[in-house]
>>> print(open('run.txt').read())   # compact mmCIF, C-alpha atoms
# COMPACT_ATOMS: atom_id res chain seq x y z
CA MET O 1359 18.41 -5.92 18.76
CA LYS O 1360 20.49 -4.06 16.16
CA SER O 1361 19.26 -0.62 17.15
CA ARG O 1362 16.87 1.18 19.47
CA LYS O 1363 15.79 3.42 16.63
CA ILE O 1364 12.62 3.09 14.58
CA VAL O 1365 11.42 5.08 11.58
CA PHE O 1366 7.76 5.56 10.74
CA THR O 1367 6.52 6.83 7.38
CA GLY O 1368 3.19 7.41 5.70
CA GLY O 1369 1.06 10.37 4.76
CA GLY O 1370 -1.11 12.24 2.33
CA SER O 1371 -4.25 11.65 4.39
CA ALA O 1372 -5.07 11.11 8.05
CA GLY O 1373 -5.71 7.43 7.31
CA HIS O 1374 -2.05 7.00 6.39
CA VAL O 1375 -0.97 8.36 9.76
CA THR O 1376 -3.47 6.94 12.28
CA VAL O 1377 -1.76 3.59 12.90
CA ASN O 1378 1.60 5.35 13.30
CA LEU O 1379 0.07 7.71 15.86
CA ALA O 1380 -1.09 4.71 17.88
CA LEU O 1381 2.28 2.92 17.75
CA ILE O 1382 4.62 5.84 18.42
CA PRO O 1383 3.85 6.25 22.17
CA TYR O 1384 4.53 2.56 22.75
CA TYR O 1385 8.01 2.76 21.24
CA GLN O 1386 8.72 5.99 23.07
CA GLU O 1387 7.89 4.27 26.37
CA LEU O 1388 10.31 1.47 25.47
CA GLY O 1389 13.07 4.05 25.07
CA TYR O 1390 13.35 3.99 21.29
CA SER O 1391 14.55 7.02 19.38
CA VAL O 1392 11.49 7.60 17.20
CA HIS O 1393 11.85 9.19 13.78
CA TYR O 1394 9.23 10.05 11.17
CA ILE O 1395 9.84 10.65 7.47
CA GLY O 1396 7.03 12.45 5.70
CA SER O 1397 6.36 15.19 3.19
CA ARG O 1398 7.32 18.74 4.03
CA GLN O 1399 3.79 20.15 4.12
CA GLY O 1400 1.43 17.17 4.25
CA ILE O 1401 -1.10 16.39 6.97
CA GLU O 1402 1.43 14.01 8.55
CA ALA O 1403 3.76 16.95 9.30
CA GLU O 1404 0.94 18.68 11.18
CA LEU O 1405 -0.16 15.59 13.12
CA ILE O 1406 3.31 14.35 14.07
CA SER O 1407 4.42 17.82 15.18
CA LYS O 1408 2.00 17.50 18.10
CA ILE O 1409 3.92 14.53 19.52
CA GLU O 1410 6.80 15.55 21.73
CA GLY O 1411 10.12 13.79 21.16
CA VAL O 1412 9.57 12.56 17.58
CA LYS O 1413 12.26 13.65 15.12
CA TYR O 1414 10.54 14.63 11.86
CA LYS O 1415 12.29 14.64 8.48
CA GLY O 1416 10.49 16.18 5.50
CA ILE O 1417 11.44 14.91 2.04
CA ALA O 1418 10.45 15.58 -1.56
CA THR O 1419 7.62 13.46 -2.89
CA GLY O 1420 5.51 13.23 -6.02
CA LYS O 1421 2.00 12.06 -6.73
CA LEU O 1422 1.65 8.55 -8.12
CA ARG O 1423 -0.97 8.47 -10.87
CA ARG O 1424 -2.73 5.53 -12.48
CA TYR O 1425 -3.23 7.44 -15.73
CA PHE O 1426 -1.00 9.17 -18.31
CA SER O 1427 -0.05 12.75 -17.46
CA ILE O 1428 2.87 14.98 -18.32
CA GLU O 1429 3.06 15.67 -14.58
CA ASN O 1430 4.21 12.07 -14.07
CA ALA O 1431 7.63 12.97 -15.46
CA LYS O 1432 8.00 15.89 -13.06
CA ASP O 1433 6.81 13.86 -10.10
CA SER O 1434 9.17 11.01 -10.98
CA LEU O 1435 12.04 13.44 -10.48
CA ARG O 1436 10.57 14.47 -7.13
CA VAL O 1437 10.33 10.83 -6.08
CA LEU O 1438 13.97 10.26 -7.03
CA LYS O 1439 14.93 13.32 -5.01
CA GLY O 1440 12.91 11.91 -2.10
CA VAL O 1441 14.75 8.58 -2.37
CA ARG O 1442 18.08 10.41 -2.16
CA GLU O 1443 16.97 12.47 0.85
CA ALA O 1444 15.52 9.44 2.63
CA TYR O 1445 18.67 7.42 1.85
CA GLN O 1446 20.91 10.09 3.35
CA TYR O 1447 18.78 10.36 6.48
CA LEU O 1448 18.44 6.61 7.03
CA LYS O 1449 22.15 6.06 6.45
CA LYS O 1450 22.90 8.71 9.08
CA ILE O 1451 20.57 7.46 11.84
CA LYS O 1452 20.80 3.68 11.11
CA PRO O 1453 17.37 2.54 12.38
CA GLY O 1454 16.61 -1.07 13.21
CA VAL O 1455 13.37 -1.08 11.21
CA VAL O 1456 11.14 1.09 9.00
CA PHE O 1457 7.36 0.89 9.46
CA SER O 1458 5.38 2.22 6.49
CA LYS O 1459 1.68 3.03 6.52
CA GLY O 1460 1.56 3.87 2.83
CA GLY O 1461 0.73 6.99 0.86
CA PHE O 1462 2.89 8.64 -1.78
CA VAL O 1463 5.59 9.76 0.63
CA SER O 1464 6.28 6.21 1.79
CA VAL O 1465 7.60 5.01 -1.58
CA PRO O 1466 10.94 6.89 -1.48
CA VAL O 1467 11.46 5.80 2.12
CA VAL O 1468 10.83 2.12 1.39
CA LEU O 1469 13.13 2.18 -1.64
CA ALA O 1470 15.90 3.88 0.33
CA ALA O 1471 15.50 1.41 3.20
CA ARG O 1472 15.77 -1.52 0.81
CA ILE O 1473 18.96 -0.12 -0.72
CA LEU O 1474 20.40 0.13 2.80
CA ARG O 1475 19.05 -3.33 3.73
CA ILE O 1476 17.03 -1.95 6.63
CA PRO O 1477 14.10 -4.26 7.55
CA ILE O 1478 10.75 -2.97 6.25
CA VAL O 1479 7.24 -3.60 7.58
CA ILE O 1480 4.34 -2.16 5.59
CA HIS O 1481 0.73 -1.89 6.68
CA GLU O 1482 -2.33 -2.02 4.42
CA SER O 1483 -5.67 -0.99 5.90
CA ASP O 1484 -7.88 -1.54 2.85
CA LEU O 1485 -9.15 -4.76 1.40
CA THR O 1486 -7.08 -4.13 -1.73
CA PRO O 1487 -3.64 -2.45 -1.53
CA GLY O 1488 -3.15 1.11 -2.72
CA LEU O 1489 -0.68 2.00 -5.45
CA ALA O 1490 2.07 3.04 -3.03
CA ASN O 1491 1.86 -0.24 -1.15
CA ARG O 1492 1.67 -2.24 -4.37
CA ILE O 1493 4.99 -0.68 -5.36
CA ALA O 1494 6.41 -1.41 -1.89
CA LEU O 1495 5.20 -5.02 -1.62
CA PRO O 1496 8.23 -6.70 -3.31
CA TRP O 1497 10.62 -4.87 -0.98
CA ALA O 1498 8.85 -5.53 2.32
CA ASP O 1499 10.02 -8.07 4.86
CA TYR O 1500 6.49 -8.25 6.29
CA VAL O 1501 3.08 -7.00 5.20
CA CYS O 1502 0.40 -6.37 7.83
CA THR O 1503 -3.26 -6.31 6.78
CA THR O 1504 -6.42 -5.10 8.49
CA PHE O 1505 -8.84 -7.26 6.48
CA GLN O 1506 -8.57 -11.04 6.65
CA GLU O 1507 -9.59 -11.14 2.97
CA ALA O 1508 -6.64 -8.93 2.05
CA ALA O 1509 -4.17 -11.39 3.55
CA ALA O 1510 -5.77 -14.21 1.58
CA GLN O 1511 -5.74 -12.25 -1.71
CA LEU O 1512 -2.09 -11.21 -1.52
CA ARG O 1513 -0.92 -14.83 -1.27
CA ARG O 1514 2.52 -14.04 0.04
CA PRO O 1515 4.32 -15.94 2.82
CA ASN O 1516 5.27 -12.69 4.55
CA VAL O 1517 1.69 -11.39 4.84
CA VAL O 1518 0.21 -11.28 8.36
CA HIS O 1519 -3.41 -10.49 9.19
CA VAL O 1520 -3.14 -8.26 12.28
CA GLY O 1521 -6.66 -6.82 12.47
CA ALA O 1522 -7.78 -3.23 12.82
CA MET O 1523 -5.93 -0.73 14.96
CA VAL O 1524 -8.49 1.11 17.09
CA ARG O 1525 -7.23 4.11 19.00
CA GLN O 1526 -7.47 3.45 22.74
CA GLU O 1527 -8.74 6.95 23.43
CA LEU O 1528 -11.84 6.23 21.33
CA ARG O 1529 -12.68 3.28 23.57
CA GLU O 1530 -12.47 5.63 26.55
CA GLY O 1531 -15.05 8.12 25.28
CA ASP O 1532 -17.80 9.04 27.73
CA ARG O 1533 -21.37 9.27 26.42
CA GLN O 1534 -22.69 11.57 29.14
CA ARG O 1535 -19.65 13.83 28.98
CA GLY O 1536 -20.07 14.16 25.21
CA ARG O 1537 -23.75 14.99 25.51
CA SER O 1538 -23.13 17.49 28.29
CA ARG O 1539 -20.43 19.16 26.22
CA LEU O 1540 -22.97 20.03 23.50
CA GLY O 1541 -26.08 20.25 25.66
CA LEU O 1542 -27.66 17.23 23.96
CA CYS O 1543 -30.89 15.86 25.39
CA ASP O 1544 -31.60 12.19 26.12
CA ASP O 1545 -34.93 11.87 24.31
CA LYS O 1546 -33.61 12.24 20.73
CA PRO O 1547 -31.01 10.01 19.06
CA VAL O 1548 -27.78 11.61 17.83
CA LEU O 1549 -26.55 11.37 14.25
CA PHE O 1550 -22.79 11.64 13.69
CA PHE O 1551 -21.79 12.83 10.19
CA MET O 1552 -18.16 12.55 9.14
CA GLY O 1553 -16.87 12.98 5.59
CA GLY O 1554 -13.17 12.30 6.14
CA SER O 1555 -10.24 14.46 7.20
CA LEU O 1556 -10.98 17.04 4.48
CA GLY O 1557 -14.75 16.74 4.59
CA ALA O 1558 -17.03 15.79 1.71
CA LYS O 1559 -18.80 18.61 -0.09
CA ASN O 1560 -21.45 16.48 -1.77
CA LEU O 1561 -22.31 14.78 1.52
CA ASN O 1562 -22.41 18.15 3.28
CA ASP O 1563 -24.65 19.66 0.62
CA ALA O 1564 -27.13 16.77 0.82
CA LEU O 1565 -27.19 17.00 4.61
CA TYR O 1566 -27.74 20.76 4.60
CA ARG O 1567 -30.89 20.28 2.52
CA ILE O 1568 -32.44 17.74 4.90
CA ILE O 1569 -31.57 19.29 8.26
CA PRO O 1570 -35.09 20.80 8.59
CA ASP O 1571 -36.52 17.27 8.17
CA LEU O 1572 -34.02 15.55 10.47
CA ILE O 1573 -34.04 18.02 13.31
CA HIS O 1574 -37.56 17.06 14.41
CA ASP O 1575 -36.44 13.53 15.29
CA TYR O 1576 -32.66 13.73 15.72
CA GLN O 1577 -29.81 15.76 17.09
CA ILE O 1578 -26.83 16.14 14.75
CA ILE O 1579 -23.06 16.27 15.19
CA HIS O 1580 -21.44 17.17 11.89
CA ILE O 1581 -17.71 17.15 11.09
CA CYS O 1582 -17.89 19.14 7.86
CA GLY O 1583 -14.22 19.54 6.91
CA LYS O 1584 -11.85 22.46 6.64
CA GLY O 1585 -13.31 25.60 5.06
CA GLN O 1586 -16.89 24.28 4.83
CA HIS O 1587 -18.17 25.48 8.20
CA ARG O 1588 -19.27 28.82 6.77
CA GLU O 1589 -21.79 27.12 4.49
CA ALA O 1590 -23.57 25.25 7.28
CA PRO O 1591 -27.08 26.31 8.31
CA VAL O 1592 -28.06 27.29 11.84
CA ALA O 1593 -30.58 25.09 13.64
CA ASP O 1594 -31.33 24.02 17.21
CA GLY O 1595 -29.84 20.59 17.87
CA TYR O 1596 -27.37 20.86 14.98
CA HIS O 1597 -23.68 21.12 15.96
CA VAL O 1598 -21.07 21.60 13.25
CA PHE O 1599 -17.27 21.50 13.44
CA GLU O 1600 -14.60 21.74 10.78
CA TYR O 1601 -12.46 19.27 12.70
CA VAL O 1602 -12.38 17.76 16.19
CA HIS O 1603 -9.44 16.21 18.02
CA ASP O 1604 -9.52 15.76 21.79
CA GLU O 1605 -13.33 15.89 21.86
CA LEU O 1606 -13.79 13.11 19.29
CA PRO O 1607 -13.99 10.11 21.70
CA ASP O 1608 -16.74 11.74 23.77
CA LEU O 1609 -18.68 12.94 20.71
CA MET O 1610 -18.58 9.47 19.15
CA ALA O 1611 -19.67 7.91 22.45
CA ALA O 1612 -22.59 10.36 22.54
CA SER O 1613 -23.72 9.33 19.03
CA ASP O 1614 -26.25 6.65 18.13
CA LEU O 1615 -25.93 6.42 14.33
CA VAL O 1616 -22.99 7.22 12.05
CA ILE O 1617 -23.04 8.49 8.46
CA SER O 1618 -19.55 8.40 6.99
CA ARG O 1619 -17.21 7.77 4.13
CA ALA O 1620 -15.78 4.24 4.08
CA GLY O 1621 -12.11 4.65 4.92
CA SER O 1622 -10.86 1.47 6.56
CA ASN O 1623 -9.57 3.01 9.79
CA SER O 1624 -12.81 4.84 10.49
CA ILE O 1625 -15.22 2.01 9.75
CA PHE O 1626 -13.32 -0.45 11.95
CA GLU O 1627 -13.43 2.11 14.76
CA PHE O 1628 -17.20 2.39 14.35
CA LEU O 1629 -17.37 -1.41 14.36
CA ALA O 1630 -15.37 -1.64 17.60
CA LEU O 1631 -17.70 0.93 19.19
CA HIS O 1632 -20.80 -0.89 17.88
CA LYS O 1633 -22.14 2.14 16.01
CA PRO O 1634 -24.69 1.34 13.27
CA MET O 1635 -23.35 3.03 10.15
CA LEU O 1636 -24.48 4.29 6.78
CA LEU O 1637 -21.44 4.27 4.52
CA ILE O 1638 -21.17 6.58 1.50
CA PRO O 1639 -17.91 5.50 -0.17
CA LEU O 1640 -15.93 7.68 -2.53
CA SER O 1641 -16.86 7.00 -6.14
CA ASP O 1642 -14.44 4.99 -8.26
CA LYS O 1643 -14.48 7.96 -10.63
CA VAL O 1644 -12.44 10.01 -8.15
CA SER O 1645 -10.61 7.19 -6.35
CA ARG O 1646 -9.29 3.68 -6.96
CA GLY O 1647 -12.56 2.27 -5.60
CA ASP O 1648 -11.12 0.95 -2.32
CA GLN O 1649 -13.86 2.58 -0.23
CA ILE O 1650 -16.56 0.87 -2.29
CA ILE O 1651 -14.91 -2.51 -1.67
CA ASN O 1652 -14.57 -1.73 2.05
CA ALA O 1653 -18.21 -0.67 2.29
CA ARG O 1654 -19.51 -3.72 0.42
CA SER O 1655 -17.52 -5.99 2.73
CA PHE O 1656 -19.11 -4.39 5.80
CA GLU O 1657 -22.53 -4.53 4.17
CA ALA O 1658 -22.12 -8.26 3.44
CA SER O 1659 -21.10 -8.86 7.07
CA GLY O 1660 -24.22 -7.07 8.31
CA TYR O 1661 -22.33 -4.19 9.94
CA ALA O 1662 -23.46 -1.34 7.71
CA SER O 1663 -25.79 -0.11 4.99
CA VAL O 1664 -24.40 1.52 1.86
CA LEU O 1665 -25.44 4.50 -0.25
CA LEU O 1666 -23.27 4.89 -3.34
CA ALA O 1667 -21.96 8.34 -4.22
CA GLU O 1668 -23.78 8.20 -7.58
CA ASP O 1669 -27.07 7.83 -5.69
CA LEU O 1670 -26.37 10.52 -3.10
CA ASN O 1671 -28.99 13.24 -3.03
CA ALA O 1672 -31.13 14.76 -0.32
CA PRO O 1673 -34.18 12.42 -0.62
CA ASN O 1674 -32.05 9.27 -0.84
CA LEU O 1675 -29.92 10.33 2.11
CA LEU O 1676 -32.99 11.04 4.23
CA ASN O 1677 -34.53 7.66 3.37
CA ALA O 1678 -31.25 5.83 4.04
CA ILE O 1679 -30.93 7.44 7.49
CA HIS O 1680 -34.47 6.44 8.45
CA GLU O 1681 -33.81 2.90 7.18
CA LEU O 1682 -30.61 2.73 9.24
CA ASP O 1683 -32.50 3.85 12.33
CA ARG O 1684 -35.21 1.24 11.83
CA ASN O 1685 -32.62 -1.55 11.56
CA LYS O 1686 -30.08 -0.32 14.11
CA GLU O 1687 -30.58 -3.20 16.56
CA LYS O 1688 -29.86 -5.73 13.83
CA TYR O 1689 -26.58 -4.01 13.01
CA ILE O 1690 -25.60 -3.80 16.68
CA GLN O 1691 -26.24 -7.51 17.20
CA ASN O 1692 -24.12 -8.38 14.17
CA MET O 1693 -21.28 -6.18 15.39
CA LEU O 1694 -21.37 -7.78 18.82
CA THR O 1695 -20.39 -11.11 17.21
CA TYR O 1696 -17.22 -9.65 15.65
CA GLN O 1697 -14.04 -10.99 17.23
CA GLN O 1698 -11.61 -8.08 17.43
CA PRO O 1699 -7.94 -9.13 17.09
CA ASP O 1700 -5.40 -7.32 19.23
CA ALA O 1701 -3.91 -5.39 16.33
CA MET O 1702 -1.46 -3.42 18.45
CA LYS O 1703 0.01 -6.58 19.95
CA ASN O 1704 0.13 -8.29 16.54
CA ILE O 1705 1.87 -5.38 14.77
CA ILE O 1706 4.43 -5.01 17.56
CA LYS O 1707 5.22 -8.72 17.26
CA VAL O 1708 5.77 -8.38 13.49
CA ILE O 1709 8.02 -5.33 13.94
CA LYS O 1710 10.08 -7.24 16.50
CA GLN O 1711 10.48 -10.16 14.10
CA ALA O 1712 11.63 -7.75 11.38
CA GLU O 1713 14.16 -6.07 13.67
CA VAL O 1714 15.96 -9.28 14.51
CA LYS O 1715 15.75 -10.75 10.99
>>> encode(input="run.txt", output="structure tokens")
Amino acid sequence: MKSRKIVFTGGGSAGHVTVNLALIPYYQELGYSVHYIGSRQGIEAELISKIEGVKYKGIATGKLRRYFSIENAKDSLRVLKGVREAYQYLKKIKPGVVFSKGGFVSVPVVLAARILRIPIVIHESDLTPGLANRIALPWADYVCTTFQEAAAQLRRPNVVHVGAMVRQELREGDRQRGRSRLGLCDDKPVLFFMGGSLGAKNLNDALYRIIPDLIHDYQIIHICGKGQHREAPVADGYHVFEYVHDELPDLMAASDLVISRAGSNSIFEFLALHKPMLLIPLSDKVSRGDQIINARSFEASGYASVLLAEDLNAPNLLNAIHELDRNKEKYIQNMLTYQQPDAMKNIIKVIKQAEVK
């Protein structure tokens, strides 16, 4: 082994940090010096700061856009500055490998690592790669994918299907403990609403309008997103949080049905926990459409139902929830047939191969 140092990068959203959060403790236990390169004020800085012993380096980064904008010129300069800062840091610490989860901040790190000839492993959770990972693909020694279809589409010899990384703590959630925590009763099913790390205003608004209809038959756990708690109504059996951390495994275990966006990390976690899900993917008008592709894949496999953002309104949401409830056993049976790869073991094997390359 060239070095007992490893660098993780990725950020911009919680989804670009989750896999790194799962891998970091393993490498710490092995005695690695663990470093993380992220943006100075992104969500990754907040999440990684909670892990003792990880050395965090913030660098300049710019947004990568798929459309013409005068801001692209400014952000290109920020990216170049980020490459220089990442280069200086990597040259100083001399890691044995860089593991990139994607997001805008990862591009300068991957480019700097390639200049220094440091082995690079990138990870793509979605069925189609995001822009940052598309830029990084030619420079990577190995590419890990969550979806089997993604590995087939990329058609590269260095692509490895590793499966979905599911946080171990989620598997250890306790249903009764979660219900006791919120005072939930056993004679009404529990709906779990989650709109992503920053919430989803249109989903929240539609839910708020149908709470009086839902509350007769269901109890509700709602992760509404930062700053949106104040808009939530008050009702018996309705429990709203801006964000949950340590309580999440128990609250998910306590839930019977999930209504969520269609980020890859989240939906594979619901799949592993056998939670029937209604997926409301981000529209391709405000995203690259990856969530729609993810959701359609799960729908075709019989793991989820889908309500497109363009069709999201209070009546449609209410009908979709009732339809999900009526068909929940079918979804559970389909999910029970899914063969879950050991993603942690597979990724660690790929990183090891990159280190000794």
>>> atom_distance(input="run.txt", atom1="CA of Ala1494 in chain O", atom2="CA of Leu1640 in chain O")
24.1 Å
>>> residues_around(input="run.txt", residues="Glu1387 in chain O", least_positions_apart="5", cutoff="12 Å", atoms="only C-alpha atoms", output="ChimeraX atom specification")
/O:1362,1381-1382,1392,1411
>>> closest_residue(input="run.txt", among="O:Leu1485, O:Ala1498, O:Leu1448, O:Leu1676", to="Ala1653 in chain O", atoms="all atoms listed in the file")
O:Leu1485
>>> atom_distance(input="run.txt", atom1="CA of Tyr1596 in chain O", atom2="CA of Asn1692 in chain O")
29.4 Å
>>> closest_residue(input="run.txt", among="O:Ile1409, O:Ala1444, O:Gly1461, O:Ile1709", to="His1374 in chain O", atoms="only C-alpha atoms")
O:Gly1461
>>> closest_residue(input="run.txt", among="O:Leu1694, O:Cys1543, O:Ala1658, O:Val1664", to="Gly1595 in chain O", atoms="only C-alpha atoms")
O:Cys1543
>>> closest_residue(input="run.txt", among="O:Phe1366, O:Tyr1445, O:Tyr1414, O:Tyr1500", to="Lys1459 in chain O", atoms="only C-alpha atoms")
O:Phe1366
>>> residues_near_point(input="run.txt", point="(-28.8, 2.8, 20.2)", cutoff="12 Å", atoms="only C-alpha atoms", output="PyMOL selection string")
chain O and resi 1533+1544-1549+1611-1616+1631-1635+1682-1691
>>> atom_distance(input="run.txt", atom1="CA of Ala1630 in chain O", atom2="CA of Ser1659 in chain O")
14.0 Å
>>> residues_near_point(input="run.txt", point="(27.5, -1.9, 6.6)", cutoff="10 Å", atoms="only C-alpha atoms", output="PyMOL selection string")
chain O and resi 1449+1452+1474-1475
>>> closest_residue(input="run.txt", among="O:Asn1704, O:Thr1486, O:Glu1605, O:Asp1571", to="Gln1649 in chain O", atoms="only C-alpha atoms")
O:Thr1486
>>> closest_residue(input="run.txt", among="O:Asp1604, O:Glu1530, O:Asp1648, O:Asp1563", to="Pro1487 in chain O", atoms="only C-alpha atoms")
O:Asp1648
>>> residues_around(input="run.txt", residues="Leu1495 in chain O", least_positions_apart="6", cutoff="10 Å", atoms="only C-alpha atoms", output="NGL selection string")
:O and (1468 or 1478-1481 or 1487 or 1489 or 1501 or 1512 or 1514 or 1516-1517)
>>> residues_around(input="run.txt", residues="Ala1662 in chain O", least_positions_apart="2", cutoff="6 Å", atoms="only C-alpha atoms", output="PyMOL selection string")
chain O and resi 1635-1636+1656-1657+1660
>>> write_last_selection(input="run.txt", atoms="C-alpha atoms", output="CSV table (one decimal), in the frame of the given file")
chain,number,residue,atom,x,y,z
O,1635,MET,CA,-23.4,3.0,10.2
O,1636,LEU,CA,-24.5,4.3,6.8
O,1656,PHE,CA,-19.1,-4.4,5.8
O,1657,GLU,CA,-22.5,-4.5,4.2
O,1660,GLY,CA,-24.2,-7.1,8.3
>>> residues_around(input="run.txt", residues="Leu1637 in chain O", least_positions_apart="5", cutoff="12 Å", atoms="all atoms listed in the file", output="PyMOL selection string")
chain O and resi 1550-1554+1561+1615-1622+1624-1626+1628+1649-1657+1661-1667+1670+1675+1678-1679+1682
>>> build_atoms(input="run.txt", residues="range 1441-1463 of chain O", atoms="N, CA and C atoms", output="short mmCIF file (atom, residue, chain, number, x, y, z; two decimals), keeping the file's coordinate frame")
data_model
loop_
_atom_site.label_atom_id
_atom_site.label_comp_id
_atom_site.auth_asym_id
_atom_site.auth_seq_id
_atom_site.Cartn_x
_atom_site.Cartn_y
_atom_site.Cartn_z
N VAL O 1441 13.96 9.78 -2.66
CA VAL O 1441 14.75 8.58 -2.37
C VAL O 1441 16.14 8.98 -1.88
N ARG O 1442 16.75 9.96 -2.56
CA ARG O 1442 18.08 10.41 -2.16
C ARG O 1442 18.06 11.01 -0.75
N GLU O 1443 17.06 11.83 -0.47
CA GLU O 1443 16.97 12.47 0.85
C GLU O 1443 16.70 11.44 1.94
N ALA O 1444 15.81 10.49 1.65
CA ALA O 1444 15.52 9.44 2.63
C ALA O 1444 16.74 8.55 2.85
N TYR O 1445 17.45 8.24 1.77
CA TYR O 1445 18.67 7.42 1.85
C TYR O 1445 19.70 8.09 2.76
N GLN O 1446 19.92 9.36 2.56
CA GLN O 1446 20.91 10.09 3.35
C GLN O 1446 20.52 10.11 4.83
N TYR O 1447 19.23 10.30 5.08
CA TYR O 1447 18.78 10.36 6.48
C TYR O 1447 18.87 9.00 7.15
N LEU O 1448 18.40 7.96 6.46
CA LEU O 1448 18.44 6.61 7.03
C LEU O 1448 19.87 6.13 7.25
N LYS O 1449 20.74 6.46 6.32
CA LYS O 1449 22.15 6.06 6.45
C LYS O 1449 22.77 6.74 7.67
N LYS O 1450 22.35 7.96 7.95
CA LYS O 1450 22.90 8.71 9.08
C LYS O 1450 22.42 8.15 10.41
N ILE O 1451 21.10 7.85 10.52
CA ILE O 1451 20.57 7.46 11.84
C ILE O 1451 20.62 5.95 12.08
N LYS O 1452 20.68 5.14 11.01
CA LYS O 1452 20.80 3.68 11.11
C LYS O 1452 19.72 3.06 12.00
N PRO O 1453 18.45 3.14 11.59
CA PRO O 1453 17.37 2.54 12.38
C PRO O 1453 17.37 1.02 12.27
N GLY O 1454 16.73 0.38 13.25
CA GLY O 1454 16.61 -1.07 13.21
C GLY O 1454 15.50 -1.56 12.32
N VAL O 1455 14.52 -0.68 12.02
CA VAL O 1455 13.37 -1.08 11.21
C VAL O 1455 12.66 0.17 10.71
N VAL O 1456 12.01 0.04 9.54
CA VAL O 1456 11.14 1.09 9.00
C VAL O 1456 9.73 0.54 8.94
N PHE O 1457 8.77 1.29 9.50
CA PHE O 1457 7.36 0.89 9.46
C PHE O 1457 6.63 1.88 8.56
N SER O 1458 6.04 1.37 7.47
CA SER O 1458 5.38 2.22 6.49
C SER O 1458 3.88 2.00 6.47
N LYS O 1459 3.13 3.09 6.57
CA LYS O 1459 1.68 3.03 6.52
C LYS O 1459 1.14 3.33 5.13
N GLY O 1460 2.02 3.63 4.19
CA GLY O 1460 1.56 3.87 2.83
C GLY O 1460 1.37 5.34 2.52
N GLY O 1461 0.80 5.63 1.35
CA GLY O 1461 0.73 6.99 0.86
C GLY O 1461 1.94 7.29 0.02
N PHE O 1462 1.84 8.34 -0.81
CA PHE O 1462 2.89 8.64 -1.78
C PHE O 1462 4.26 8.81 -1.14
N VAL O 1463 4.30 9.45 0.02
CA VAL O 1463 5.59 9.76 0.63
C VAL O 1463 6.34 8.52 1.08
#
